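> Input file: start-v1.txt. Contents: compact mmCIF, C-alpha atoms and all ligand atoms.
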```
# COMPACT_ATOMS: atom_id res chain seq x y z
CA MET A 136 164.14 176.31 301.14
CA ASN A 137 161.59 175.62 298.44
CA ASN A 138 160.31 172.27 297.37
CA GLU A 139 162.51 172.19 294.33
CA THR A 140 165.76 172.43 296.31
CA LEU A 141 164.44 169.83 298.68
CA THR A 142 163.82 167.46 295.81
CA ILE A 143 167.27 168.10 294.37
CA ARG A 144 168.83 167.54 297.78
CA THR A 145 166.96 164.31 298.22
CA MET A 146 168.03 163.22 294.78
CA ALA A 147 171.64 164.16 295.46
CA ARG A 148 171.59 162.24 298.73
CA ALA A 149 170.13 159.26 296.97
CA LEU A 150 172.82 159.55 294.33
CA ILE A 151 175.59 159.73 296.91
CA ALA A 152 174.13 156.78 298.76
CA GLY A 153 173.99 154.96 295.44
CA VAL A 154 177.63 155.74 294.67
CA SER A 155 178.85 154.60 298.06
CA MET A 156 176.80 151.45 297.66
CA LEU A 157 178.49 150.88 294.32
CA THR A 158 181.90 151.46 295.87
CA CYS A 159 181.07 148.95 298.59
CA ALA A 160 179.80 146.49 295.99
CA ALA A 161 183.04 146.86 294.02
CA ALA A 162 185.09 146.35 297.16
CA LEU A 163 183.04 143.30 298.09
CA ALA A 164 182.74 142.04 294.53
CA GLN A 165 185.01 139.05 294.98
CA THR A 166 185.03 136.81 298.00
CA PRO A 167 188.29 134.83 298.36
CA GLU A 168 186.52 131.79 296.92
CA VAL A 169 185.30 133.72 293.86
CA ALA A 170 188.78 135.24 293.38
CA LYS A 171 190.27 131.75 293.38
CA GLY A 172 187.68 130.64 290.84
CA ASP A 173 188.41 133.71 288.71
CA ALA A 174 192.07 132.65 288.51
CA ILE A 175 191.14 129.10 287.48
CA ALA A 176 188.67 130.35 284.86
CA HIS A 177 191.35 132.54 283.26
CA ALA A 178 194.50 130.47 283.72
CA GLY A 179 193.29 126.91 284.39
CA VAL A 180 195.21 124.71 286.79
CA PRO A 181 198.62 124.20 285.16
CA PRO A 182 199.80 121.96 283.69
CA SER A 183 196.76 119.76 282.98
CA VAL A 184 193.62 121.94 283.22
CA PRO A 185 193.14 124.56 280.49
CA ALA A 186 191.52 127.95 281.07
CA CYS A 187 187.73 127.57 281.09
CA ILE A 188 187.21 130.80 279.16
CA ALA A 189 189.03 129.32 276.15
CA CYS A 190 185.87 127.33 275.42
CA HIS A 191 183.13 128.84 277.59
CA GLY A 192 183.86 132.44 276.53
CA ALA A 193 185.55 135.39 278.22
CA LEU A 194 182.38 136.13 280.20
CA GLY A 195 181.22 132.53 280.56
CA GLU A 196 178.67 133.23 277.83
CA GLY A 197 179.28 129.97 275.93
CA ASN A 198 179.76 129.46 272.21
CA ALA A 199 176.70 128.73 270.09
CA GLN A 200 178.66 127.61 266.99
CA ALA A 201 180.81 125.14 268.91
CA GLY A 202 177.96 124.03 271.19
CA PHE A 203 179.82 124.99 274.39
CA PRO A 204 177.27 125.84 277.09
CA ARG A 205 176.99 129.14 278.90
CA LEU A 206 178.08 128.94 282.54
CA ALA A 207 177.56 132.58 283.56
CA GLY A 208 174.75 133.09 286.05
CA LEU A 209 173.92 129.40 286.55
CA SER A 210 173.70 128.40 290.22
CA ALA A 211 176.94 127.49 291.96
CA SER A 212 175.51 124.30 293.40
CA TYR A 213 174.29 123.17 289.96
CA LEU A 214 177.69 123.85 288.36
CA THR A 215 179.57 122.10 291.19
CA ALA A 216 177.31 119.05 290.88
CA GLN A 217 178.02 118.89 287.14
CA LEU A 218 181.80 119.12 287.64
CA ASN A 219 181.64 116.40 290.29
CA ASP A 220 179.59 114.23 287.92
CA PHE A 221 182.09 114.76 285.06
CA ALA A 222 184.90 113.79 287.46
CA SER A 223 183.16 110.65 288.73
CA GLY A 224 181.94 109.60 285.28
CA ALA A 225 178.27 109.87 286.32
CA ARG A 226 178.08 112.42 283.48
CA GLN A 227 180.18 110.97 280.68
CA GLN A 228 181.82 113.51 278.41
CA PRO A 229 185.31 113.13 276.92
CA VAL A 230 186.22 116.86 276.91
CA MET A 231 185.06 117.77 280.41
CA ALA A 232 186.05 114.53 282.20
CA PRO A 233 189.84 115.15 282.35
CA ILE A 234 189.27 118.86 283.10
CA ALA A 235 187.01 118.10 286.07
CA LYS A 236 189.29 115.29 287.30
CA GLY A 237 192.25 117.66 287.17
CA MET A 238 190.67 119.92 289.81
CA THR A 239 190.31 119.27 293.53
CA PRO A 240 186.70 119.35 294.87
CA ASP A 241 187.63 122.69 296.41
CA ALA A 242 188.77 124.11 293.06
CA ARG A 243 185.55 122.86 291.43
CA ALA A 244 183.50 124.71 294.03
CA SER A 245 185.54 127.92 293.60
CA VAL A 246 185.34 128.01 289.82
CA SER A 247 181.58 127.31 290.08
CA ALA A 248 181.16 130.22 292.51
CA TYR A 249 183.03 132.43 290.06
CA PHE A 250 180.84 131.60 287.05
CA ALA A 251 177.67 131.83 289.19
CA SER A 252 178.71 135.37 290.15
CA LEU A 253 178.79 136.54 286.51
CA PRO A 254 175.68 138.07 284.93
CA ALA A 255 173.84 136.07 282.28
CA PRO A 256 174.85 137.23 278.79
CA VAL A 257 172.66 140.06 277.48
CA SER A 258 171.98 138.71 274.04
CA THR A 259 172.48 135.47 272.22
CA SER A 260 173.67 134.62 268.78
CA THR A 261 171.33 135.79 266.07
CA SER A 262 172.27 132.67 264.14
CA ALA A 263 169.89 130.53 266.21
CA PRO A 264 167.44 128.84 263.85
CA LYS A 265 163.78 129.86 264.07
CA PRO A 266 161.74 127.62 266.36
CA ASP A 267 158.66 125.83 265.05
CA ALA A 268 155.21 125.42 266.63
CA LEU A 269 156.05 122.00 268.12
CA GLY A 270 158.91 123.45 270.16
CA GLU A 271 156.73 126.18 271.60
CA GLN A 272 153.93 123.72 272.31
CA LEU A 273 156.27 121.46 274.33
CA ALA A 274 157.90 124.35 276.14
CA LEU A 275 154.67 125.99 277.21
CA HIS A 276 152.22 123.08 277.40
CA GLY A 277 154.18 119.80 277.29
CA ASN A 278 152.75 116.66 275.78
CA TRP A 279 150.41 115.22 278.36
CA LYS A 280 149.53 112.23 276.21
CA ASN A 281 153.07 110.99 276.83
CA GLY A 282 153.36 112.40 280.35
CA VAL A 283 155.67 115.28 279.42
CA PRO A 284 155.00 118.42 281.49
CA ALA A 285 155.63 121.88 280.07
CA CYS A 286 159.38 122.61 280.18
CA VAL A 287 158.67 126.05 281.69
CA SER A 288 156.80 124.44 284.60
CA CYS A 289 160.22 123.47 285.98
CA HIS A 290 162.68 125.72 284.12
CA GLY A 291 160.69 128.89 284.73
CA ASP A 292 159.10 131.45 282.52
CA GLN A 293 161.14 131.75 279.27
CA GLY A 294 163.44 128.95 280.51
CA SER A 295 165.29 131.40 282.73
CA GLY A 296 165.82 128.91 285.56
CA VAL A 297 164.33 128.50 289.04
CA GLY A 298 166.29 128.35 292.28
CA ASP A 299 169.43 126.25 292.52
CA ALA A 300 168.16 122.98 291.07
CA PHE A 301 166.43 123.99 287.81
CA PRO A 302 169.05 125.46 285.47
CA ALA A 303 168.37 128.19 282.94
CA ILE A 304 168.15 126.64 279.47
CA ALA A 305 167.22 129.77 277.50
CA GLY A 306 169.94 130.75 275.04
CA GLN A 307 171.95 127.54 275.46
CA PRO A 308 173.21 126.25 272.08
CA ALA A 309 170.63 124.03 270.34
CA ALA A 310 173.25 121.32 269.74
CA TYR A 311 174.13 121.33 273.44
CA ILE A 312 170.49 121.02 274.57
CA LYS A 313 169.93 118.17 272.09
CA ALA A 314 173.06 116.38 273.29
CA GLN A 315 171.87 116.59 276.91
CA LEU A 316 168.42 115.20 276.09
CA ALA A 317 170.11 112.34 274.20
CA ALA A 318 172.52 111.73 277.08
CA TRP A 319 169.67 111.12 279.52
CA LYS A 320 168.07 108.69 277.08
CA THR A 321 171.28 106.67 276.88
CA ASN A 322 172.04 107.04 280.63
CA THR A 323 175.34 108.80 279.99
CA ARG A 324 174.27 111.78 282.10
CA ALA A 325 173.34 111.32 285.78
CA PRO A 326 169.56 111.54 286.32
CA GLY A 327 169.93 114.67 288.49
CA PRO A 328 167.61 115.72 291.35
CA LEU A 329 164.78 113.17 291.82
CA GLY A 330 165.47 111.84 288.32
CA LEU A 331 163.04 114.49 287.03
CA MET A 332 164.87 115.48 283.88
CA SER A 333 165.90 111.97 282.98
CA ALA A 334 162.22 110.94 283.11
CA VAL A 335 161.22 113.88 280.88
CA ALA A 336 163.96 113.23 278.32
CA LYS A 337 163.10 109.54 278.02
CA ARG A 338 159.53 110.45 277.05
CA LEU A 339 160.54 112.80 274.23
CA SER A 340 160.71 111.61 270.62
CA ASP A 341 163.79 112.70 268.65
CA LYS A 342 161.61 115.13 266.73
CA GLU A 343 160.30 116.66 269.97
CA ALA A 344 163.79 116.89 271.47
CA ASP A 345 165.00 118.75 268.36
CA ALA A 346 162.03 121.12 268.42
CA ALA A 347 162.41 121.92 272.15
CA ALA A 348 166.16 122.47 271.73
CA THR A 349 165.62 124.88 268.84
CA TYR A 350 162.94 126.73 270.80
CA PHE A 351 165.04 127.36 273.93
CA ALA A 352 168.17 128.17 271.91
CA SER A 353 166.21 130.97 270.24
CA LEU A 354 165.29 132.65 273.55
CA PRO A 355 167.54 135.31 275.11
CA ALA A 356 169.56 134.14 278.09
CA ALA A 357 168.23 135.62 281.32
CA GLN A 358 169.29 135.91 284.89
CA HIS A 359 166.93 134.22 287.30
CA ALA A 360 166.31 135.44 290.80
CA PRO A 361 167.97 133.03 293.20
CA GLU A 362 165.47 131.44 295.59
CA ASN A 363 167.67 131.31 298.64
CA GLY A 364 170.50 133.70 297.94
CA THR A 365 173.18 131.03 297.66
CA GLN A 366 173.45 131.51 293.92
CA GLY A 367 176.27 133.84 292.98
CA ALA A 368 178.61 133.97 295.94
CA ALA A 369 179.64 137.52 295.07
CA ARG A 370 176.17 138.95 295.26
C1 LIG B 1 188.18 122.41 275.38
C2 LIG B 1 186.94 123.10 275.66
C3 LIG B 1 186.50 123.22 277.13
C4 LIG B 1 187.22 123.74 278.17
C5 LIG B 1 188.65 124.25 278.18
C6 LIG B 1 186.32 123.71 279.32
N1 LIG B 1 185.10 123.21 278.96
FE1 LIG B 1 183.50 122.97 280.17
N2 LIG B 1 182.43 122.13 278.63
C7 LIG B 1 182.93 121.90 277.37
C8 LIG B 1 181.93 121.16 276.60
C9 LIG B 1 182.09 120.67 275.18
C10 LIG B 1 180.82 120.97 277.46
C11 LIG B 1 179.50 120.23 277.14
C12 LIG B 1 179.61 118.84 277.73
C13 LIG B 1 178.39 117.98 277.44
O1 LIG B 1 177.94 117.98 276.29
O2 LIG B 1 177.92 117.34 278.36
C14 LIG B 1 181.16 121.60 278.73
C15 LIG B 1 180.32 121.62 279.82
C16 LIG B 1 180.64 122.19 281.05
C17 LIG B 1 179.76 122.25 282.19
C18 LIG B 1 178.32 121.78 282.25
C19 LIG B 1 177.39 122.96 282.06
C20 LIG B 1 175.93 122.66 282.23
O3 LIG B 1 175.13 123.56 281.92
O4 LIG B 1 175.55 121.58 282.67
C21 LIG B 1 180.45 122.85 283.20
C22 LIG B 1 179.96 123.14 284.60
C23 LIG B 1 181.77 123.18 282.68
N3 LIG B 1 181.86 122.75 281.37
C24 LIG B 1 182.75 123.82 283.41
C25 LIG B 1 184.05 124.09 282.94
C26 LIG B 1 185.09 124.66 283.75
C27 LIG B 1 184.92 125.10 285.19
C28 LIG B 1 186.21 124.73 282.98
C29 LIG B 1 187.61 125.21 283.36
C30 LIG B 1 188.24 124.58 284.51
C31 LIG B 1 185.84 124.21 281.66
N4 LIG B 1 184.53 123.83 281.68
C32 LIG B 1 186.70 124.14 280.58
C33 LIG B 1 184.15 122.31 276.88
C34 LIG B 1 185.17 122.87 277.63
C1 LIG B 2 159.73 118.04 286.26
C2 LIG B 2 160.70 119.11 286.11
C3 LIG B 2 161.34 119.31 284.75
C4 LIG B 2 160.70 119.44 283.53
C5 LIG B 2 159.21 119.37 283.23
C6 LIG B 2 161.74 119.69 282.57
N1 LIG B 2 162.97 119.71 283.18
FE1 LIG B 2 164.76 120.01 282.24
N2 LIG B 2 165.74 119.78 284.02
C7 LIG B 2 165.14 119.55 285.24
C8 LIG B 2 166.17 119.42 286.27
C9 LIG B 2 165.95 119.13 287.74
C10 LIG B 2 167.41 119.61 285.61
C11 LIG B 2 168.82 119.56 286.24
C12 LIG B 2 169.40 118.18 286.05
C13 LIG B 2 170.74 118.04 286.71
O1 LIG B 2 170.94 118.61 287.79
O2 LIG B 2 171.58 117.32 286.15
C14 LIG B 2 167.10 119.84 284.22
C15 LIG B 2 168.07 120.06 283.23
C16 LIG B 2 167.80 120.28 281.90
C17 LIG B 2 168.80 120.50 280.89
C18 LIG B 2 170.31 120.57 281.10
C19 LIG B 2 170.76 122.00 281.22
C20 LIG B 2 172.25 122.13 281.23
O3 LIG B 2 172.73 123.24 281.48
O4 LIG B 2 172.96 121.15 280.99
C21 LIG B 2 168.15 120.65 279.70
C22 LIG B 2 168.77 120.90 278.35
C23 LIG B 2 166.74 120.54 279.97
N3 LIG B 2 166.55 120.30 281.32
C24 LIG B 2 165.74 120.65 279.00
C25 LIG B 2 164.38 120.49 279.25
C26 LIG B 2 163.36 120.54 278.22
C27 LIG B 2 163.61 120.81 276.75
C28 LIG B 2 162.17 120.31 278.84
C29 LIG B 2 160.78 120.18 278.23
C30 LIG B 2 160.65 119.19 277.15
C31 LIG B 2 162.45 120.12 280.25
N4 LIG B 2 163.80 120.24 280.46
C32 LIG B 2 161.50 119.85 281.21
C33 LIG B 2 163.77 119.43 285.47
C34 LIG B 2 162.77 119.48 284.50
```
Could you write out this structure as structure tokens?

Amino acid sequence: MNNETLTIRTMARALIAGVSMLTCAAALAQTPEVAKGDAIAHAGVPPSVPACIACHGALGEGNAQAGFPRLAGLSASYLTAQLNDFASGARQQPVMAPIAKGMTPDARASVSAYFASLPAPVSTSTSAPKPDALGEQLALHGNWKNGVPACVSCHGDQGSGVGDAFPAIAGQPAAYIKAQLAAWKTNTRAPGPLGLMSAVAKRLSDKEADAAATYFASLPAAQHAPENGTQGAAR
């Protein structure tokens, strides 16, 4: 046997191993919890809860024009916390409140596990407006004069998210990001872990909030590596 056949054999073995791994992955793709969440995402919880994909997109990618946020690839614990906050009123939002209230805590966890298991969308709307220098300055360096740290220091390089607590903000609709920053200023969104984001938002001027929103909306959505493996129940 010459070296060439050996290499081909090794490659073939690797390929076969790869295929069987894929088969296993397909077989394991949906845990019972994720399957339950899949059903809710596509059919809602009749009669009161509509299908999530009607607004959040067939792949949980969101809708830039309408300002509906992307859910795909965000951490399950983050999504569950948001649904619980919508249900309790700690995060006040007229569209999501009845939807979250219409689900049991168990259903909220399942549908969150489902969206967390989906990959982040590959590309975002090309209609995102061009960011200006102020947005980039805040994102990468913050505004230390007013005690605002760089957004990426918590949200990760390119705003792609870090671990379970710091959500990806890259590629979220600009209008959605702006609305969230405003919600923390008016205390209509719960302060979140350690009140970190609420403190940041309260230190931003309206002009800065607009600029940061435009900046992150212009970046491609990206999947972040989960820190502890709990993100994405199907993975
Ligand atoms: C009629 C449209 C609509 C439907 C249907 C809908 N949503 Fe939403 N969702 C929204 C809007 C609008 C927001 C932004 C709320 C805000 O500005 O705070 C949102 C926000 C969210 C958020 C917060 C995301 C984040 O990044 O913090 C989660 C989680 C969520 N929705 C989950 C769901 C789930 C799960 C379902 C299905 C059971 C669902 N939504 C159905 C419109 C909808
Ligand atoms: C000190 C850490 C920290 C910094 C700095 C920070 N954030 Fe956040 N941010 C968070 C945390 C934590 C959350 C999650 C809040 C929650 O769980 O409700 C968050 C959430 C958000 C959200 C909501 C995402 C969603 O899906 O609803 C937006 C938008 C956001 N941050 C924008 C920004 C911008 C813009 C900057 C820079 C001006 C910034 N953040 C700087 C910690 C930070």
> Which chain A residues have any atom within 7 Å of an atom of ligand LIG 1 (chain B), and for each, what is the nearest pair of atoms with distance in Å to one decimal, counting all atoms listed in the file, rows sorted by chain and number, as a tab-separated table?

```
residue	atom	partner	partner_atom	distance
A:Ile175	CA	B:LIG1	C30	6.1
A:Ala176	CA	B:LIG1	C29	5.5
A:Gly179	CA	B:LIG1	C30	5.6
A:Val184	CA	B:LIG1	C30	6.1
A:Pro185	CA	B:LIG1	C5	5.1
A:Ala186	CA	B:LIG1	C29	5.3
A:Cys187	CA	B:LIG1	C29	3.3
A:Ile188	CA	B:LIG1	C5	6.8
A:Ala189	CA	B:LIG1	C5	5.5
A:Cys190	CA	B:LIG1	C2	4.4
A:His191	CA	B:LIG1	N1	6.1
A:Gly202	CA	B:LIG1	C9	6.7
A:Phe203	CA	B:LIG1	C8	4.9
A:Pro204	CA	B:LIG1	C19	5.7
A:Arg205	CA	B:LIG1	O3	6.6
A:Leu206	CA	B:LIG1	C19	6.0
A:Leu214	CA	B:LIG1	C22	4.4
A:Thr215	CA	B:LIG1	C22	6.7
A:Gln217	CA	B:LIG1	C22	5.3
A:Leu218	CA	B:LIG1	C22	5.4
A:Gln228	CA	B:LIG1	O2	5.5
A:Val230	CA	B:LIG1	C33	5.8
A:Met231	CA	B:LIG1	N2	5.4
A:Ile234	CA	B:LIG1	C30	6.0
A:Ala235	CA	B:LIG1	C30	6.8
A:Arg243	CA	B:LIG1	C27	6.7
A:Val246	CA	B:LIG1	C27	5.5
A:Ser247	CA	B:LIG1	C27	6.3
A:Tyr311	CA	B:LIG1	O1	5.8
A:Ala314	CA	B:LIG1	O1	5.9
A:Gln315	CA	B:LIG1	O1	6.3
```
> Can you tell me which residues surround region 207-210 of chain A at a distance of at most 7 Å, considering only C-alpha atoms, apart from same-chain residues fewer than 4 positions away, and format the answer as a PyMOL selection string?
chain A and resi 194-196+214+250-255+299+302-303+358+366-367
> Using only C-alpha atoms and all ligand atoms, find each residue in chain A having at least one atom no more than 8 Å away from ligand LIG 2 (chain B); report its shortest atom-to-atom pair and that distance in Å (one decimal), rows by chain then rising number, as a Markdown table.

```
| residue | atom | partner | partner_atom | distance |
| --- | --- | --- | --- | --- |
| A:Pro204 | CA | B:LIG2 | O3 | 6.8 |
| A:Arg205 | CA | B:LIG2 | O3 | 7.7 |
| A:Leu206 | CA | B:LIG2 | O3 | 7.9 |
| A:Tyr213 | CA | B:LIG2 | O1 | 6.1 |
| A:Ala216 | CA | B:LIG2 | O1 | 7.1 |
| A:Gln217 | CA | B:LIG2 | O2 | 6.7 |
| A:Leu273 | CA | B:LIG2 | C30 | 5.7 |
| A:Ala274 | CA | B:LIG2 | C29 | 5.5 |
| A:Gly277 | CA | B:LIG2 | C30 | 6.5 |
| A:Val283 | CA | B:LIG2 | C5 | 6.6 |
| A:Pro284 | CA | B:LIG2 | C5 | 4.7 |
| A:Ala285 | CA | B:LIG2 | C5 | 5.4 |
| A:Cys286 | CA | B:LIG2 | C29 | 3.4 |
| A:Val287 | CA | B:LIG2 | C32 | 6.8 |
| A:Ser288 | CA | B:LIG2 | C5 | 5.8 |
| A:Cys289 | CA | B:LIG2 | C2 | 4.4 |
| A:His290 | CA | B:LIG2 | N1 | 6.1 |
| A:Ala300 | CA | B:LIG2 | C9 | 5.5 |
| A:Phe301 | CA | B:LIG2 | C8 | 4.8 |
| A:Pro302 | CA | B:LIG2 | C19 | 5.7 |
| A:Ala303 | CA | B:LIG2 | O3 | 6.8 |
| A:Ile304 | CA | B:LIG2 | C19 | 5.6 |
| A:Gln307 | CA | B:LIG2 | O3 | 7.4 |
| A:Tyr311 | CA | B:LIG2 | C22 | 7.3 |
| A:Ile312 | CA | B:LIG2 | C22 | 4.2 |
| A:Lys313 | CA | B:LIG2 | C22 | 6.9 |
| A:Gln315 | CA | B:LIG2 | C22 | 5.5 |
| A:Leu316 | CA | B:LIG2 | C22 | 6.1 |
| A:Arg324 | CA | B:LIG2 | O2 | 7.4 |
| A:Ala325 | CA | B:LIG2 | O2 | 6.3 |
| A:Pro326 | CA | B:LIG2 | O2 | 6.1 |
| A:Gly327 | CA | B:LIG2 | C13 | 3.9 |
| A:Pro328 | CA | B:LIG2 | C9 | 5.2 |
| A:Leu329 | CA | B:LIG2 | C9 | 7.3 |
| A:Gly330 | CA | B:LIG2 | C9 | 7.3 |
| A:Leu331 | CA | B:LIG2 | C1 | 4.9 |
| A:Met332 | CA | B:LIG2 | C7 | 4.3 |
| A:Ser333 | CA | B:LIG2 | C12 | 7.8 |
| A:Val335 | CA | B:LIG2 | C32 | 6.0 |
| A:Ala336 | CA | B:LIG2 | C30 | 6.9 |
| A:Leu339 | CA | B:LIG2 | C30 | 7.0 |
| A:Glu343 | CA | B:LIG2 | C30 | 7.6 |
| A:Ala344 | CA | B:LIG2 | C27 | 6.6 |
| A:Ala347 | CA | B:LIG2 | C27 | 4.9 |
| A:Ala348 | CA | B:LIG2 | C27 | 5.9 |
| A:Phe351 | CA | B:LIG2 | C27 | 7.3 |
```
> Which value, in Å to one decimal, gives the distance between CA of Lys265 (chain A) and CA of Leu354 (chain A)?
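Separation of CA of Lys265 (chain A) and CA of Leu354 (chain A): 10.0 Å.
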> Could you check which of A:Ser245, A:Arg226, A:Ala356, A:Gly298 is closest to Ala318 (chain A), using all atoms listed in the file?
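Using all atoms listed in the file, the shortest distance to Ala318 (chain A) belongs to A:Arg226.
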> Please, which residues are within 7 Å of (159.6, 125.5, 271.6) by the file's coordinates, counting only C-alpha atoms, and could they come as a ChimeraX atom specification?
/A:266-274,346-347,349-351
> Pick the closest to Asp173 (chain A) from A:Tyr249, A:Ala334, A:Asn198, A:Gly224: which is it, counting only C-alpha atoms?
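Among A:Tyr249, A:Ala334, A:Asn198, A:Gly224, it is A:Tyr249 that comes nearest to Asp173 (chain A).
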> Rank A:Ala357, A:Ala199, A:Leu275, A:Ala222 by their smallest atom-to-atom distance to Pro308 (chain A), using all atoms listed in the file, and report the top residue only.
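For Pro308 (chain A), the nearest of the given residues is A:Ala199.
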> In Å, with one decimal, what is the gap from CA of Ser223 (chain A) to CA of Asp241 (chain A)?
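Going from CA of Ser223 (chain A) over to CA of Asp241 (chain A) covers 15.0 Å.
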> Rounded to one decimal in Å, what is the spacing between CA of Ser353 (chain A) and CA of Gly306 (chain A)?
6.1 Å
> Using all atoms listed in the file, which of A:Thr323, A:Gly197, A:Gly172, A:Gly192 sits nearest Ala244 (chain A)?
A:Gly172
